[in-house]
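Here's the structure, in structure tokens; my notes come after.
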Amino acid sequence: MQRYSYHSVELVRILWRGPRQVMLEYRYLDSAPSLSPGQFILFWVPGSEAIPLTPLYSDASRLVLLVVERGPTTARLVSSPPRHAGVIAVLGRRFTYRGDEMVFLAGGVGVAAVAMAAREAAQSGVRVTVFYGARSAGELAPVEEFLGGARVIYATDDGSRGLRGTVLDALHASGLRVGDVYTVVAGPKPLLCRAYSEAAEAGQLERLALSIETMVRCGLGFCGSCTIPCTGMLLCRDGPVVPAVRLGCWVVRECQN
Amino acid sequence: MQRYSYHSVELVRILWRGPRQVMLEYRYLDSAPSLSPGQFILFWVPGSEAIPLTPLYSDASRLVLLVVERGPTTARLVSSPPRHAGVIAVLGRRFTYRGDEMVFLAGGVGVAAVAMAAREAAQSGVRVTVFYGARSAGELAPVEEFLGGARVIYATDDGSRGLRGTVLDALHASGLRVGDVYTVVAGPKPLLCRAYSEAAEAGQLERLALSIETMVRCGLGFCGSCTIPCTGMLLCRDGPVVPAVRLGCWVVRECQN
Amino acid sequence: MAGLAVRVAGLTLRHPVMNASGILGSHPEGVKLLVDAGVSAVVTKSFTVEPREGYPTPIAVPLPYGLLNAVGLSNPGIDGISVVVEEARRAGLPVVVSIAGSSEDEFSRLASAAEEAGADAIEVNLSCPHAKGMGREIGIEPRLVYSVVSATASVTRIPVIAKLGYVDRLVEAVGKALEAGARAVTLINTLPAMMIDVYAMKPVLGNLVGGLSGPAIHPVAVRAIYEVYREYRIDIIGAGGVEDWRTAAELVLAGARAVQVGTALVTRGLRVIGEIVQGLERYMEEVGVESIEELVGAAHRD
Amino acid sequence: MAGLAVRVAGLTLRHPVMNASGILGSHPEGVKLLVDAGVSAVVTKSFTVEPREGYPTPIAVPLPYGLLNAVGLSNPGIDGISVVVEEARRAGLPVVVSIAGSSEDEFSRLASAAEEAGADAIEVNLSCPHAKGMGREIGIEPRLVYSVVSATASVTRIPVIAKLGYVDRLVEAVGKALEAGARAVTLINTLPAMMIDVYAMKPVLGNLVGGLSGPAIHPVAVRAIYEVYREYRIDIIGAGGVEDWRTAAELVLAGARAVQVGTALVTRGLRVIGEIVQGLERYMEEVGVESIEELVGAAHRD
């Protein structure tokens, strides 16, 4: 009934450590929220702030997070994850795709933004391929178990794993262009912009969705901090996964073409 | 989940009028409480006070009350029932009996205290007889439809309906003494006292329950006003229908034997 | 919907339901959402002279019976007023600009800027601390209420609404606000509150303490409005846990001519405005009144 | 249960959970129910000098998030103190006698009577109006808090506990109470509130207005305790929406050494005391402390 709720969580274990990254498993100490694919949480680090994160996985007992160091709170999380933390849920809009086939382009920590969506689609019978890229093999987090059986194709800038190149290169190498099948892209802004561009040129914007990032403060839709520039949308209400057809103005502003 | 709740009600119709009595039907305007037999409500008359009443009947749509004039608020209810009123529920302890047979002795407005219990027992297969008495035929409220098919035997002081005598006389005339079968008594204190006495003499106190009356103020069990003298019990928690075996001290104090 | 039309604080509203300050009223995008939700007037976020980032996160914690928040008056500053006002005026809605200063001078500057930008009324946020005050909010001190409202009303011709929390001397504070030129009051702001996570053993809000809003505070709001209306038959805008037509009607019966919806816009969504409006229409039919104004303060009648 | 033992306000308690004043503590029968429920101390109903019938019904209205009450200090008067105290002492429990006067003289008389009757401590109810005060409760005026607590503490040797609501100048009021000789404070009392039935269009309480208690006010209680403890490292008894071990622990972490349970005894039943005690035991095991005293005010640590 209640749309939003607060949950105390406790660290179970550190699942993996990478350069300036960590994969953490927490458990809910009282009730657990019910997250749908595409939705996210605010994760409170006591003594630091609350940051928006899309869980790699969340159910009644487990919360799995992939965190990359980007500021003081994520640095704290990566170096010294707190034994106890807080979760504010459920934020954002559910994302569902039920066609025959779809691909996810995940650059770096963007894989966290799409893992639950990929998993749910794969488990629902959609043919899912996740293109997951990072600078080098050591920065690729062990996310396969959270992707629900989706096919995973790796790409690294230095070629230390998978294709040498970006996830977009890997997509092309597989014979596809953005928008040939439904495509969801998450990662650094240049990746989002190039994907948009490619889909736009092919007239396939309706087959593309981008995982947007903004500052998030309240997370509940009233403070306005997460306004997605130029779109009239609030990320914590309408995102973070947003159909490309609504992002034309955003692209013009945010992408140097 | 919530033990107690407040409900707005609206007058549907006046079902019956007697000398200084009225039978009223109200409907719940929002949610309705779920009353079990033996339980009661506080009925708030706007502009007057809130009085404890055991409904003749209460379900999701209907609330039927039998009210006798005993003070300013009941006088108001009888003369001019308010279009809108309030109900605080669910007060008191559920009463259930599941033997083969039982009788109710209801003197005057005491019939309201036992109607739902009689109905529920009758509908559960118990053989139920309700002995209902008043001073004269005109003061007998038309309660049969609320008794669930129980057999009803009338008694009036002046013989204008049924047996000439009290409900206790009528019980005896039917061949029974108090305590031969499970007996619940509601009505003026002398009736309760005589019934107790009869059951005690026959060694059958465990087959008797009395519907007690006290002042009721909060109704929720914290103010102490409804303490049943000498028993350590709170009427709004433990009553109003109380097993006779717990009333020895009360009887000594309250009944002039 | 003629029956729901109401005049309050010099504003003509097609129905009595607007948003509370702090909900979506700091940027044009948010104003558009409020307009689409069907509010009868737009109430802006509280503007301060300088832009404010606000407090560190967490700035809002959902509770079972309400919301705990310590946003810290995040706002774009005095220069951000006009673009918000324009968005509301573009939609043809009255706009109430909320202002928060730490001194009388700041209130005056903000009031002038609001009027210049085209605001239809000014809501004075008296729940912020005063630079020279001794309490957690201006509203605690009736003499400060007087000086702040006076500083606001004296530089502007548009109506001034004083927004107060449930302070000890509420009726006295309202009296001072009226003396100083307030046209109306908004009652109430949030209640002082906090939450501690018992496992982390720390306060959850970044600011440690904050304000409680939502259903939990509704009975306090009812009393505040009732007590003030009993003393002064003035224009009151009611706020505090309004989440459906019944809670809105309760404030009206207590003495409010209009209501503000805050927390429920967050927890129940933007559709709550329309639901309240429709519910009030049905309620008015049921109780047989043609205009909602007939119900204002009706609980005070014998 | 040694880990739950706590000393507060001069009382030695086997665990920190007692009842709140107003719940079952006005007659011996009620005291017996409290004893059977497992409270660590009995807190009586507030006694006044003269017997008081109280306000007309309805005196209590259940709400979704709490209880609204206006009982009106119903009590048997000063002569009723001893039989209640005796019942608690018979059970071997400490007993805190709550007193409510309208003048300093009345507080003195009640305090003496309580001490004579064998009370272990006195809780001064500062949420009633003062005959010569100007506010709805004594607690609003720090100087009245001083004079009333002083009148109480000066005539008795047993500990005096000042019970306050969340008033504007709470920390100042607590300071005055301490200056006047209070050994501890109980925070908080109910919040001013009311309910209007929108169909009947009237306030439901017989007294029209009353006090809100229960989960709705819990976040306000947390803040009150936190703010006072931050200022004064004194003995605090926490009250306000305690309904389970978590809400009890939250008040302890904020700074309370013991807690009172009021509304939850009504809405959840007498078993709630035992549930809270057991829950606190498990909590202490989980967080690895041997004594609950290690947790008092822990939320203030860095």
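By order of appearance in the structure tokens: chains A, B, ..., then residues from 1 within every chain, and ligands from 1 in the order shown.
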
Name all residues at most 8 Å from Gly165 of chain D (count only C-alpha atoms; drop same-chain ones fewer than 5 positions away) and give them as a PDB file with N, CA and C atoms, in the first residue's frame.
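Listing of out.pdb after writing:
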ATOM      1  N   LEU D 126       3.137  18.369  34.178  1.00  0.00           N
ATOM      2  CA  LEU D 126       3.183  19.789  33.831  1.00  0.00           C
ATOM      3  C   LEU D 126       2.345  20.103  32.602  1.00  0.00           C
ATOM      4  N   SER D 127       1.558  19.140  32.152  1.00  0.00           N
ATOM      5  CA  SER D 127       0.724  19.379  30.979  1.00  0.00           C
ATOM      6  C   SER D 127      -0.691  19.757  31.346  1.00  0.00           C
ATOM      7  N   GLY D 139       3.976  23.660  31.375  1.00  0.00           N
ATOM      8  CA  GLY D 139       5.265  23.463  30.728  1.00  0.00           C
ATOM      9  C   GLY D 139       5.658  24.541  29.737  1.00  0.00           C
ATOM     10  N   LEU D 170      11.482  23.681  25.317  1.00  0.00           N
ATOM     11  CA  LEU D 170      11.600  22.444  26.082  1.00  0.00           C
ATOM     12  C   LEU D 170      12.912  22.360  26.844  1.00  0.00           C
ATOM     13  N   LEU D 187       9.695  12.533  29.068  1.00  0.00           N
ATOM     14  CA  LEU D 187       9.401  13.185  27.784  1.00  0.00           C
ATOM     15  C   LEU D 187       8.859  12.147  26.820  1.00  0.00           C
ATOM     16  N   ILE D 188       7.700  12.370  26.167  1.00  0.00           N
ATOM     17  CA  ILE D 188       6.880  13.558  26.223  1.00  0.00           C
ATOM     18  C   ILE D 188       5.441  13.182  26.619  1.00  0.00           C
ATOM     19  N   ASN D 189       4.657  14.201  26.875  1.00  0.00           N
ATOM     20  CA  ASN D 189       3.238  13.990  27.073  1.00  0.00           C
ATOM     21  C   ASN D 189       2.554  14.023  25.705  1.00  0.00           C
ATOM     22  N   THR D 190       1.239  14.073  25.689  1.00  0.00           N
ATOM     23  CA  THR D 190       0.528  14.029  24.412  1.00  0.00           C
ATOM     24  C   THR D 190       0.667  15.350  23.642  1.00  0.00           C
ATOM     25  N   LEU D 191       0.350  15.312  22.356  1.00  0.00           N
ATOM     26  CA  LEU D 191       0.354  16.524  21.543  1.00  0.00           C
ATOM     27  C   LEU D 191      -1.068  17.067  21.461  1.00  0.00           C
TER      28      LEU D 191
END

If we count only C-alpha atoms, which residues of chain D reach to within 6 Å of chain B? Please list them as a PyMOL selection string. chain D and resi 23-24+29+57-60+62+200+267

Specify as a ChimeraX atom specification all residues of chain C found within 9 Å of chain D, counting only C-alpha atoms. /C:64-66,68,135-136,140,166-169,191-203,209-212,215-224,226,246-247,249-251,253-254,283,287,295,298-302

How would the residues just chosen look if you wrote them out with N, CA and C atoms as a compact mmCIF listing (two decimals), in the first residue's frame?
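Here's the written file part38.txt:
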# COMPACT_ATOMS: atom_id res chain seq x y z
N PRO C 64 5.73 5.05 8.54
CA PRO C 64 4.41 4.45 8.27
C PRO C 64 3.28 5.47 8.26
N TYR C 65 3.40 6.51 9.06
CA TYR C 65 2.27 7.44 9.18
C TYR C 65 2.60 8.82 8.68
N GLY C 66 3.62 8.95 7.90
CA GLY C 66 3.96 10.27 7.42
C GLY C 66 5.36 10.33 6.85
N LEU C 68 9.23 12.25 7.25
CA LEU C 68 10.16 13.03 8.05
C LEU C 68 11.10 13.71 7.08
N GLY C 135 14.63 31.00 19.25
CA GLY C 135 13.92 29.73 19.17
C GLY C 135 14.21 29.02 17.86
N ARG C 136 13.67 27.80 17.75
CA ARG C 136 13.94 27.06 16.53
C ARG C 136 13.17 27.64 15.36
N ILE C 140 7.68 31.00 17.15
CA ILE C 140 7.66 30.84 18.60
C ILE C 140 7.49 32.18 19.30
N TYR C 166 2.54 24.46 14.89
CA TYR C 166 1.75 24.48 16.13
C TYR C 166 2.67 24.90 17.27
N VAL C 167 2.80 26.18 17.43
CA VAL C 167 3.63 26.73 18.50
C VAL C 167 2.79 26.95 19.74
N ASP C 168 3.48 27.13 20.88
CA ASP C 168 2.75 27.26 22.15
C ASP C 168 1.75 28.41 22.13
N ARG C 169 2.17 29.54 21.59
CA ARG C 169 1.31 30.73 21.62
C ARG C 169 0.72 30.99 20.24
N LEU C 191 5.79 19.18 12.31
CA LEU C 191 6.11 19.10 13.73
C LEU C 191 7.57 18.68 13.89
N PRO C 192 8.24 19.20 14.90
CA PRO C 192 9.66 18.86 15.10
C PRO C 192 9.79 17.37 15.44
N ALA C 193 10.67 16.68 14.75
CA ALA C 193 10.74 15.22 14.90
C ALA C 193 12.10 14.70 14.45
N MET C 194 12.34 13.42 14.73
CA MET C 194 13.52 12.76 14.20
C MET C 194 13.35 11.26 14.24
N MET C 195 14.26 10.57 13.56
CA MET C 195 14.25 9.11 13.58
C MET C 195 15.68 8.60 13.77
N ILE C 196 15.81 7.60 14.62
CA ILE C 196 17.12 6.96 14.84
C ILE C 196 17.01 5.52 14.40
N ASP C 197 17.91 5.08 13.53
CA ASP C 197 17.95 3.68 13.14
C ASP C 197 18.60 2.91 14.28
N VAL C 198 17.89 1.92 14.82
CA VAL C 198 18.37 1.26 16.05
C VAL C 198 19.52 0.29 15.80
N TYR C 199 19.75 -0.03 14.54
CA TYR C 199 20.89 -0.89 14.25
C TYR C 199 22.12 -0.04 13.99
N ALA C 200 21.96 0.96 13.14
CA ALA C 200 23.05 1.89 12.89
C ALA C 200 23.31 2.78 14.10
N MET C 201 22.32 2.89 14.94
CA MET C 201 22.40 3.71 16.17
C MET C 201 22.73 5.16 15.87
N LYS C 202 22.16 5.66 14.80
CA LYS C 202 22.39 7.05 14.42
C LYS C 202 21.10 7.66 13.88
N PRO C 203 20.98 8.98 14.00
CA PRO C 203 19.87 9.66 13.33
C PRO C 203 19.98 9.45 11.83
N VAL C 209 17.88 16.22 12.76
CA VAL C 209 16.48 16.46 13.11
C VAL C 209 15.74 17.07 11.93
N GLY C 210 14.41 16.95 11.95
CA GLY C 210 13.62 17.49 10.84
C GLY C 210 12.18 17.70 11.23
N GLY C 211 11.32 17.71 10.21
CA GLY C 211 9.90 17.97 10.42
C GLY C 211 9.05 16.79 10.01
N LEU C 212 8.03 16.53 10.81
CA LEU C 212 7.11 15.43 10.54
C LEU C 212 5.87 15.96 9.87
N PRO C 215 -0.30 12.04 7.72
CA PRO C 215 -1.43 11.66 8.58
C PRO C 215 -1.14 11.78 10.08
N ALA C 216 0.10 11.55 10.47
CA ALA C 216 0.42 11.60 11.90
C ALA C 216 0.08 12.95 12.51
N ILE C 217 0.23 14.01 11.74
CA ILE C 217 0.04 15.34 12.31
C ILE C 217 -1.35 15.91 12.06
N HIS C 218 -2.17 15.17 11.36
CA HIS C 218 -3.48 15.71 11.00
C HIS C 218 -4.32 16.15 12.19
N PRO C 219 -4.41 15.33 13.26
CA PRO C 219 -5.24 15.78 14.39
C PRO C 219 -4.70 17.05 15.05
N VAL C 220 -3.41 17.27 14.95
CA VAL C 220 -2.85 18.51 15.50
C VAL C 220 -3.25 19.70 14.63
N ALA C 221 -3.24 19.47 13.31
CA ALA C 221 -3.66 20.53 12.39
C ALA C 221 -5.12 20.91 12.61
N VAL C 222 -5.96 19.89 12.81
CA VAL C 222 -7.38 20.18 13.04
C VAL C 222 -7.53 21.10 14.24
N ARG C 223 -6.82 20.78 15.30
CA ARG C 223 -6.94 21.59 16.51
C ARG C 223 -6.40 23.00 16.32
N ALA C 224 -5.29 23.11 15.62
CA ALA C 224 -4.71 24.44 15.40
C ALA C 224 -5.71 25.34 14.67
N TYR C 226 -8.97 24.93 14.39
CA TYR C 226 -10.16 25.13 15.22
C TYR C 226 -9.92 26.23 16.24
N ARG C 246 -12.08 13.41 3.13
CA ARG C 246 -12.51 13.50 4.53
C ARG C 246 -11.56 14.38 5.35
N THR C 247 -10.26 14.15 5.17
CA THR C 247 -9.31 14.96 5.92
C THR C 247 -9.34 16.41 5.45
N ALA C 249 -12.13 17.91 4.27
CA ALA C 249 -13.38 18.44 4.82
C ALA C 249 -13.23 18.74 6.30
N GLU C 250 -12.48 17.91 7.00
CA GLU C 250 -12.30 18.11 8.45
C GLU C 250 -11.65 19.47 8.72
N LEU C 251 -10.66 19.82 7.90
CA LEU C 251 -10.01 21.12 8.09
C LEU C 251 -10.97 22.26 7.75
N LEU C 253 -14.26 22.20 8.03
CA LEU C 253 -15.22 22.31 9.13
C LEU C 253 -14.58 22.98 10.35
N ALA C 254 -13.30 22.78 10.53
CA ALA C 254 -12.59 23.41 11.65
C ALA C 254 -12.42 24.91 11.43
N TYR C 283 -19.38 14.84 -1.34
CA TYR C 283 -19.68 15.13 0.07
C TYR C 283 -20.66 16.30 0.17
N VAL C 287 -24.34 16.21 1.91
CA VAL C 287 -24.75 17.01 3.06
C VAL C 287 -25.63 18.18 2.65
N LEU C 295 -19.61 25.50 4.54
CA LEU C 295 -19.10 24.53 5.50
C LEU C 295 -17.93 25.06 6.32
N ALA C 298 -18.02 25.12 10.16
CA ALA C 298 -19.32 24.60 10.60
C ALA C 298 -19.23 23.83 11.91
N ALA C 299 -18.07 23.30 12.23
CA ALA C 299 -17.93 22.54 13.48
C ALA C 299 -18.07 23.41 14.71
N HIS C 300 -18.03 24.74 14.51
CA HIS C 300 -18.14 25.64 15.65
C HIS C 300 -19.59 25.96 16.00
N ARG C 301 -20.49 25.56 15.10
CA ARG C 301 -21.88 25.89 15.39
C ARG C 301 -22.44 24.91 16.41
N ASP C 302 -23.47 25.35 17.11
CA ASP C 302 -24.07 24.44 18.10
C ASP C 302 -24.89 23.35 17.44

Identify, with DSSP run on backbone atoms, the residues in segment 52-235 of chain B assigned to strand (DSSP E or B), and express the list as a CSV table (one decimal) with C-alpha atoms, in the first residue's frame.
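Everything below was put into states-v8.csv:
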chain,number,residue,atom,x,y,z
B,52,PRO,CA,-22.3,1.8,25.9
B,53,LEU,CA,-24.7,-0.3,23.9
B,57,TYR,CA,-27.3,-6.6,15.2
B,58,SER,CA,-24.2,-5.4,13.5
B,63,LEU,CA,-26.3,-1.4,12.9
B,64,VAL,CA,-29.5,-2.1,14.9
B,65,LEU,CA,-29.8,-0.7,18.4
B,66,LEU,CA,-32.4,-1.0,21.1
B,67,VAL,CA,-32.3,2.0,23.4
B,68,VAL,CA,-34.1,2.5,26.7
B,84,HIS,CA,-25.4,11.3,12.2
B,85,ALA,CA,-23.6,9.6,15.0
B,86,GLY,CA,-20.3,7.9,15.9
B,87,VAL,CA,-19.4,4.4,16.9
B,88,ILE,CA,-16.3,3.4,18.9
B,89,ALA,CA,-15.7,-0.3,18.5
B,90,VAL,CA,-15.0,-3.2,19.3
B,91,LEU,CA,-15.3,-3.2,23.0
B,101,GLU,CA,-28.5,-26.3,24.4
B,102,MET,CA,-28.6,-23.0,26.2
B,103,VAL,CA,-31.1,-20.5,27.4
B,104,PHE,CA,-31.1,-16.7,27.7
B,105,LEU,CA,-33.0,-14.9,30.3
B,106,ALA,CA,-33.5,-11.3,29.1
B,107,GLY,CA,-35.3,-8.8,31.3
B,127,ARG,CA,-30.7,-25.4,20.7
B,128,VAL,CA,-31.4,-21.9,22.0
B,129,THR,CA,-34.4,-20.6,23.9
B,130,VAL,CA,-34.7,-16.9,24.7
B,131,PHE,CA,-37.0,-15.9,27.6
B,132,TYR,CA,-37.8,-12.3,27.0
B,133,GLY,CA,-39.8,-10.4,29.7
B,134,ALA,CA,-41.1,-6.8,30.2
B,151,ARG,CA,-37.2,-20.1,20.2
B,152,VAL,CA,-38.7,-17.1,22.1
B,153,ILE,CA,-40.9,-17.4,25.1
B,154,TYR,CA,-42.4,-14.2,26.4
B,155,ALA,CA,-43.3,-13.1,29.9
B,156,THR,CA,-45.0,-9.9,31.1
B,163,LEU,CA,-46.7,-15.9,30.8
B,164,ARG,CA,-47.8,-13.7,33.6
B,182,TYR,CA,-26.1,-23.2,30.1
B,183,THR,CA,-27.9,-20.0,31.1
B,184,VAL,CA,-27.0,-16.4,30.2
B,185,VAL,CA,-28.9,-13.7,32.1
B,186,ALA,CA,-29.2,-10.0,31.2
B,208,LEU,CA,-24.3,-19.5,34.3
B,209,ALA,CA,-23.1,-16.2,32.9
B,210,LEU,CA,-24.4,-12.8,33.8
B,211,SER,CA,-24.3,-9.6,31.7
B,227,THR,CA,-14.1,-1.8,37.0
B,228,ILE,CA,-16.6,-4.6,38.0
B,233,MET,CA,-12.2,-7.2,36.1
B,234,LEU,CA,-12.7,-4.3,33.7

Contact residues around segment 74-88 of chain D with only C-alpha atoms at 10 Å, ignoring same-chain residues under 5 positions, as number ranges by chain: B: 223-225; D: 22, 25-32, 34-35, 41-55, 93-99, 106, 109-111, 113-120

Please report the interatomic distance between atom CA of Val61 of chain C and atom CA of Met18 of chain C in Å with one decimal.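 Separation between atom CA of Val61 of chain C and atom CA of Met18 of chain C: 23.2 Å.
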